[in-house]
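Enquirer: File final-v9.txt below, compact mmCIF, C-alpha atoms:
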# COMPACT_ATOMS: atom_id res chain seq x y z
CA MET A 1084 -6.73 35.08 -104.16
CA SER A 1085 -9.92 33.75 -102.67
CA SER A 1086 -8.21 30.55 -101.66
CA GLN A 1087 -5.38 32.45 -100.02
CA ASN A 1088 -7.85 34.46 -97.95
CA SER A 1089 -9.61 31.33 -96.81
CA ILE A 1090 -6.35 29.84 -95.60
CA GLN A 1091 -5.44 33.02 -93.73
CA LYS A 1092 -8.86 33.15 -92.09
CA MET A 1093 -8.58 29.50 -91.07
CA ALA A 1094 -5.09 30.03 -89.68
CA ALA A 1095 -6.29 33.04 -87.71
CA PHE A 1096 -9.22 31.04 -86.35
CA ILE A 1097 -6.93 28.19 -85.33
CA GLN A 1098 -4.57 30.67 -83.67
CA THR A 1099 -7.45 32.26 -81.79
CA GLU A 1100 -8.74 28.86 -80.70
CA ALA A 1101 -5.28 27.81 -79.57
CA GLU A 1102 -4.79 30.97 -77.57
CA GLU A 1103 -8.24 30.57 -75.99
CA LYS A 1104 -7.49 26.97 -75.12
CA ALA A 1105 -4.15 27.93 -73.63
CA ARG A 1106 -5.81 30.65 -71.57
CA GLU A 1107 -8.40 28.14 -70.29
CA ILE A 1108 -5.60 25.75 -69.31
CA ARG A 1109 -3.69 28.53 -67.53
CA ASP A 1110 -6.81 29.61 -65.66
CA ALA A 1111 -7.67 26.03 -64.71
CA THR A 1112 -4.11 25.48 -63.53
CA LYS A 1113 -4.18 28.64 -61.41
CA ARG A 1114 -7.49 27.59 -59.86
CA GLN A 1115 -6.12 24.12 -59.07
CA ILE A 1116 -2.95 25.59 -57.60
CA SER A 1117 -5.07 27.90 -55.45
CA ILE A 1118 -7.25 24.98 -54.28
CA ASP A 1119 -4.20 22.81 -53.57
CA THR A 1120 -2.59 25.68 -51.66
CA GLN A 1121 -5.73 26.07 -49.50
CA HIS A 1122 -5.77 22.33 -48.82
CA ILE A 1123 -2.14 22.40 -47.84
CA LYS A 1124 -2.72 25.34 -45.51
CA GLN A 1125 -5.81 23.66 -44.02
CA GLU A 1126 -3.98 20.39 -43.50
CA GLY A 1127 -1.07 22.29 -41.98
CA ARG A 1128 -3.37 24.06 -39.52
CA GLN A 1129 -5.07 20.77 -38.63
CA ARG A 1130 -1.70 19.12 -38.13
CA VAL A 1131 -0.54 21.98 -35.89
CA ASN A 1132 -3.81 21.81 -33.92
CA LYS A 1133 -3.43 18.06 -33.42
CA ILE A 1134 0.14 18.49 -32.23
CA TYR A 1135 -0.98 21.24 -29.83
CA GLU A 1136 -3.88 19.16 -28.51
CA LYS A 1137 -1.58 16.17 -27.97
CA LYS A 1138 0.95 18.28 -26.09
CA MET A 1139 -1.80 19.73 -23.89
CA LYS A 1140 -3.14 16.25 -23.15
CA ASP A 1141 0.36 15.02 -22.35
CA LEU A 1142 0.90 17.98 -20.02
CA GLU A 1143 -2.42 17.32 -18.27
CA THR A 1144 -1.57 13.64 -17.86
CA GLU A 1145 1.88 14.50 -16.51
CA LYS A 1146 0.30 16.99 -14.10
CA LYS A 1147 -2.12 14.33 -12.80
CA ILE A 1148 0.71 11.82 -12.37
CA ASN A 1149 2.84 14.36 -10.49
CA MET A 1150 -0.08 15.30 -8.23
CA SER A 1151 -0.80 11.64 -7.55
CA ASN A 1152 2.85 10.99 -6.67
CA LEU A 1153 2.95 14.00 -4.35
CA GLU A 1154 -0.23 12.89 -2.59
CA LYS A 1155 1.16 9.36 -2.25
CA GLU A 1156 4.43 10.65 -0.79
CA ALA A 1157 2.52 12.85 1.64
CA ARG A 1158 0.35 9.92 2.81
CA LEU A 1159 3.41 7.69 3.24
CA SER A 1160 5.18 10.41 5.22
CA VAL A 1161 2.20 10.88 7.54
CA LEU A 1162 1.80 7.10 7.92
CA LYS A 1163 5.47 6.70 8.83
CA GLN A 1164 5.22 9.44 11.44
CA ARG A 1165 2.18 7.74 12.96
CA GLN A 1166 3.86 4.34 12.95
CA ASP A 1167 6.91 5.85 14.64
CA ARG A 1168 4.71 7.38 17.33
CA VAL A 1169 2.93 4.08 17.95
CA LYS A 1170 6.28 2.26 18.04
CA GLN A 1171 7.57 4.77 20.61
CA SER A 1172 4.47 4.14 22.73
CA LEU A 1173 5.08 0.39 22.54
CA GLU A 1174 8.74 0.77 23.55
CA LYS A 1175 7.75 3.00 26.45
CA ALA A 1176 5.18 0.46 27.59
CA LYS A 1177 7.81 -2.31 27.40
CA GLU A 1178 10.07 -0.27 29.67
CA ASN A 1179 7.29 -0.24 32.25
CA LEU A 1180 7.18 -4.05 32.36
CA ASP A 1181 9.89 -4.00 35.01
CA SER A 1182 7.42 -2.49 37.45
CA ILE A 1183 5.07 -5.46 36.87
CA VAL A 1184 7.81 -8.01 37.56
CA SER A 1185 9.06 -6.18 40.64
CA ASP A 1186 5.72 -6.67 42.42
CA THR A 1187 6.27 -10.34 43.29
CA GLY A 1188 2.74 -11.01 44.56
CA LYS A 1189 0.99 -9.61 41.50
CA TYR A 1190 3.56 -11.14 39.14
CA LYS A 1191 3.03 -14.60 40.64
CA THR A 1192 -0.73 -14.30 40.04
CA LEU A 1193 -0.02 -13.05 36.52
CA LEU A 1194 2.27 -16.03 35.81
CA LYS A 1195 -0.51 -18.43 36.84
CA ASN A 1196 -3.10 -16.71 34.67
CA LEU A 1197 -0.78 -16.47 31.68
CA SER A 1198 0.05 -20.17 32.01
CA ILE A 1199 -3.61 -21.22 32.21
CA GLN A 1200 -4.48 -19.07 29.21
CA ALA A 1201 -1.59 -20.39 27.10
CA LEU A 1202 -2.28 -24.05 27.95
CA PHE A 1203 -6.01 -23.77 27.30
CA THR A 1204 -5.29 -22.06 23.99
CA LEU A 1205 -2.93 -24.90 23.11
CA GLN A 1206 -5.69 -27.51 23.63
CA GLU A 1207 -3.23 -30.36 24.18
CA LYS A 1208 -3.52 -32.98 26.95
CA LYS A 1209 0.26 -33.26 27.29
CA ALA A 1210 2.04 -29.93 27.39
CA THR A 1211 5.25 -28.28 28.55
CA LEU A 1212 5.73 -24.84 30.08
CA TYR A 1213 8.84 -22.78 29.47
CA CYS A 1214 9.75 -19.78 31.62
CA LEU A 1215 12.70 -17.62 32.62
CA GLN A 1216 15.25 -19.36 34.80
CA ARG A 1217 14.53 -16.65 37.38
CA ASP A 1218 10.86 -17.73 37.47
CA LEU A 1219 11.39 -21.51 37.52
CA GLU A 1220 10.72 -22.10 41.22
CA VAL A 1221 7.66 -19.85 41.16
CA VAL A 1222 6.17 -21.64 38.14
CA LYS A 1223 6.90 -25.04 39.68
CA SER A 1224 5.13 -23.95 42.87
CA LEU A 1225 2.12 -22.93 40.74
CA LYS A 1226 1.98 -26.16 38.73
CA ASN A 1227 -0.95 -27.72 40.60
CA ASP A 1228 -2.93 -24.48 40.54
CA ILE A 1229 -2.25 -24.13 36.80
CA VAL A 1230 -3.43 -27.68 36.04
CA LYS A 1231 -6.52 -27.13 38.18
CA GLY A 1232 -7.29 -23.89 36.39
CA VAL A 1233 -7.05 -25.57 32.97
CA GLU A 1234 -9.13 -28.58 34.02
CA GLU A 1235 -11.81 -26.27 35.39
CA LYS A 1236 -12.15 -25.03 31.82
CA GLY A 1237 -12.87 -28.60 30.69
CA LEU A 1238 -9.44 -29.76 29.46
CA GLN A 1239 -7.59 -32.68 31.08
CA LEU A 1240 -3.89 -31.88 31.32
CA GLU A 1241 -0.58 -33.59 31.97
CA LEU A 1242 1.83 -30.72 32.54
CA THR A 1243 5.63 -30.55 32.57
CA VAL A 1244 7.60 -27.50 33.62
CA HIS A 1245 10.86 -27.59 31.69
CA GLU A 1246 13.83 -27.22 34.02
CA GLU A 1247 16.67 -27.12 31.49
CA LYS A 1248 15.60 -24.86 28.64
CA PHE A 1249 14.62 -21.36 29.58
CA LEU A 1250 13.16 -18.32 27.85
CA LYS A 1251 15.43 -15.48 26.78
CA ASN A 1252 14.98 -11.92 25.60
CA THR A 1253 11.83 -11.38 27.62
CA LYS A 1254 10.90 -9.62 30.86
CA GLY A 1255 8.71 -12.50 31.97
CA GLY A 1256 5.73 -14.71 31.22
CA VAL A 1257 5.57 -18.23 29.78
CA VAL A 1258 5.49 -20.21 26.55
CA ALA A 1259 3.35 -23.35 26.30
CA SER A 1260 4.42 -26.14 23.95
CA GLY A 1261 2.54 -29.20 22.75
CA TYR A 1262 2.23 -31.76 19.97
CA LYS A 1263 5.85 -32.79 20.52
CA GLY A 1264 7.03 -29.20 20.27
CA ARG A 1265 5.40 -28.53 16.91
CA ILE A 1266 2.98 -25.94 18.33
CA ARG A 1267 3.86 -23.14 20.74
CA VAL A 1268 1.72 -20.49 22.40
CA ASP A 1269 3.74 -17.43 23.34
CA ASN A 1270 2.33 -15.73 26.44
CA THR A 1271 5.34 -13.67 27.42
CA LEU A 1272 4.78 -10.16 28.74
CA GLU A 1273 5.98 -8.60 25.48
CA GLU A 1274 3.65 -10.76 23.41
CA ARG A 1275 0.68 -9.92 25.62
CA LEU A 1276 1.57 -6.24 25.45
CA GLU A 1277 1.73 -6.29 21.64
CA ALA A 1278 -1.55 -8.23 21.46
CA ALA A 1279 -3.21 -5.66 23.73
CA LEU A 1280 -1.73 -2.84 21.71
CA GLU A 1281 -2.99 -4.36 18.46
CA GLN A 1282 -6.46 -4.65 19.94
CA ASP A 1283 -6.44 -1.07 21.17
CA LEU A 1284 -4.53 0.32 18.19
CA PRO A 1285 -7.44 2.32 16.68
CA TYR A 1286 -8.12 3.97 20.06
CA LEU A 1287 -4.42 4.60 20.68
CA ARG A 1288 -3.97 6.19 17.28
CA SER A 1289 -7.03 8.32 17.89
CA MET A 1290 -5.55 9.53 21.18
CA LEU A 1291 -2.11 10.17 19.66
CA PHE A 1292 -3.29 11.90 16.51
CA GLN A 1293 -6.54 13.45 17.76
CA ASN A 1294 -8.64 11.81 15.04
CA ARG A 1295 -12.34 11.51 15.68
CA ASP A 1296 -12.62 8.25 13.79
CA PRO A 1297 -9.87 5.78 14.89
CA ASN A 1298 -10.94 3.31 12.21
CA LEU A 1299 -9.53 5.62 9.54
CA TYR A 1300 -6.03 4.27 10.21
Spell out the structure here as C-alpha cells.

Expert:
Amino acid sequence: MSSQNSIQKMAAFIQTEAEEKAREIRDATKRQISIDTQHIKQEGRQRVNKIYEKKMKDLETEKKINMSNLEKEARLSVLKQRQDRVKQSLEKAKENLDSIVSDTGKYKTLLKNLSIQALFTLQEKKATLYCLQRDLEVVKSLKNDIVKGVEEKGLQLELTVHEEKFLKNTKGGVVASGYKGRIRVDNTLEERLEAALEQDLPYLRSMLFQNRDPNLY
C-alpha cells in the first residue's frame, strides 16, 4: 500500500511538472509571437515611411526638373524674340543701302575707302579687286588713288581690277583677293553693315529692349 502511494505521488508530481513546463512553453511562445508581431509592425511602418519619403523626393526632383525646363523655354522664347527684332533691324538697315549708292559722289568716296581698307587688311603686295559690273568704271578710275592710299599706310601694292568676274547679291562695295585667290577680304556694303551691327549689338539690344546693361545679352 505504501509503495502504491509513492507511485501515485510521483505520477502526480510528474504531471504537475509537465503541466507547469507546458504552461511555461505556451507563455514563452505567446511572448515571442507578441515580440515578432511588434517587429513586423515596426518594419512595416519603416517600409511605408521609406516608400513615402522616396515618393516625396521623386516628386520634389520632378518639380525642380519641370521648373528648370519652364525657365529654359521662357529664356529661349525671349532670346528668339530679341534675335528676331535685331534681324528685322538689320534687314531694315540693308533696305536703306540704296540711298547710299544713289548718292554717286559719296558712294565713289566710299568705294575708295572700302578698297583701301580691304587691301591693307589683306597685306598682300599683289592683289585683285572685285566689284559690281555697274561699279567697274568707277573703281578703275579710282585705281591710282587706291594704290596711293594703301602705300601711304606702308604697304607696296600691285593692284588689278578684275574686268570679267563681278560681284553678285550685293548692293555695292568691293572684295579684295590675294595669295592666288586663297584669301579674300569681303568689304561689301552688307558685310560692313553686319560688322558695324555686331560691334554695336549690345547698344542696339539695349535700345530695342530697354535694358540698362546691354552686356547682359

Enquirer: Which one is closest to Asn1270 of chain A: A:Ser1151, A:Asp1167, A:Leu1212, A:Glu1156? Count only C-alpha atoms.

Expert: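 So, comparing all the options, the nearest one is A:Leu1212.
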
Enquirer: Record the distance separating atom CA of Arg1128 of chain A and atom CA of Lys1140 of chain A, expressed in Å with one decimal.

Expert: 18.1 Å

Enquirer: Need to verify the contact set: Val1222 of chain A, 9 Å, all atoms listed in the file, exclusion of same-chain residues closer than 2 positions in sequence. Can you return it as an MDAnalysis selection string?

Expert: chainID A and resid 1191 1194:1195 1198 1212 1214 1218:1220 1224:1226 1229 1244

Enquirer: Figure out the distance between atom CA of Glu1136 of chain A and atom CA of Asn1152 of chain A, please, to one decimal in Å.

Expert: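 Pair atom CA of Asn1152 of chain A / atom CA of Glu1136 of chain A returns 24.3 Å.
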
Enquirer: Would you place a box with edges along x, y and z of the file around all atoms of segment 1121-1138 of chain A listed there, add 6 Å to each of its six sides, and report the centre and edge lengths in Å to one decimal, as JSON?

Expert:
{"center_x": -2.4, "center_y": 21.1, "center_z": -37.8, "size_x": 18.8, "size_y": 21.9, "size_z": 35.4}

Enquirer: For the point (-3.7, -24.2, 20.3) in the file's frame, write as a CSV table (one decimal) with C-alpha atoms, in the frame of the given file all residues with an atom no more than 12 Å away, counting only C-alpha atoms.

Expert:
chain,number,residue,atom,x,y,z
A,1200,GLN,CA,-4.5,-19.1,29.2
A,1201,ALA,CA,-1.6,-20.4,27.1
A,1202,LEU,CA,-2.3,-24.0,28.0
A,1203,PHE,CA,-6.0,-23.8,27.3
A,1204,THR,CA,-5.3,-22.1,24.0
A,1205,LEU,CA,-2.9,-24.9,23.1
A,1206,GLN,CA,-5.7,-27.5,23.6
A,1207,GLU,CA,-3.2,-30.4,24.2
A,1208,LYS,CA,-3.5,-33.0,27.0
A,1210,ALA,CA,2.0,-29.9,27.4
A,1258,VAL,CA,5.5,-20.2,26.6
A,1259,ALA,CA,3.4,-23.4,26.3
A,1260,SER,CA,4.4,-26.1,24.0
A,1261,GLY,CA,2.5,-29.2,22.8
A,1262,TYR,CA,2.2,-31.8,20.0
A,1264,GLY,CA,7.0,-29.2,20.3
A,1265,ARG,CA,5.4,-28.5,16.9
A,1266,ILE,CA,3.0,-25.9,18.3
A,1267,ARG,CA,3.9,-23.1,20.7
A,1268,VAL,CA,1.7,-20.5,22.4
A,1269,ASP,CA,3.7,-17.4,23.3

Enquirer: Find, counting all atoms listed in the file, the residue in A:Ala1111, A:Met1150, A:Leu1193, A:Leu1242 that gets nearest to Val1221 of chain A.

Expert: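 Closest to Val1221 of chain A, using all atoms listed in the file: A:Leu1193.
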
Enquirer: Please measure the separation of atom CA of Lys1254 of chain A and atom CA of Leu1272 of chain A, giving the value in Å to one decimal.

Expert: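 The value is 6.5 Å.
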
Enquirer: So, with all atoms listed in the file as the atoms that count, which of A:Lys1251, A:Lys1189, A:Lys1236, A:Lys1163 lies closest to Gln1216 of chain A?

Expert: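 Closest residue, counting all atoms listed in the file: A:Lys1251.
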
Enquirer: May I have the residues within 10 Å of Asn1252 of chain A as a list in words, using only C-alpha atoms and disregarding those fewer than 5 positions away in the same chain?

Expert: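 Counting only the stated atoms, we get Leu1215, Thr1271 and Glu1273 of chain A.
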
Enquirer: Give the answer as one residue: which of A:Lys1223, A:Ala1094, A:Leu1180, A:Thr1112 has the shortest atom-to-atom distance to Leu1276 of chain A, using all atoms listed in the file?

Expert: A:Leu1180
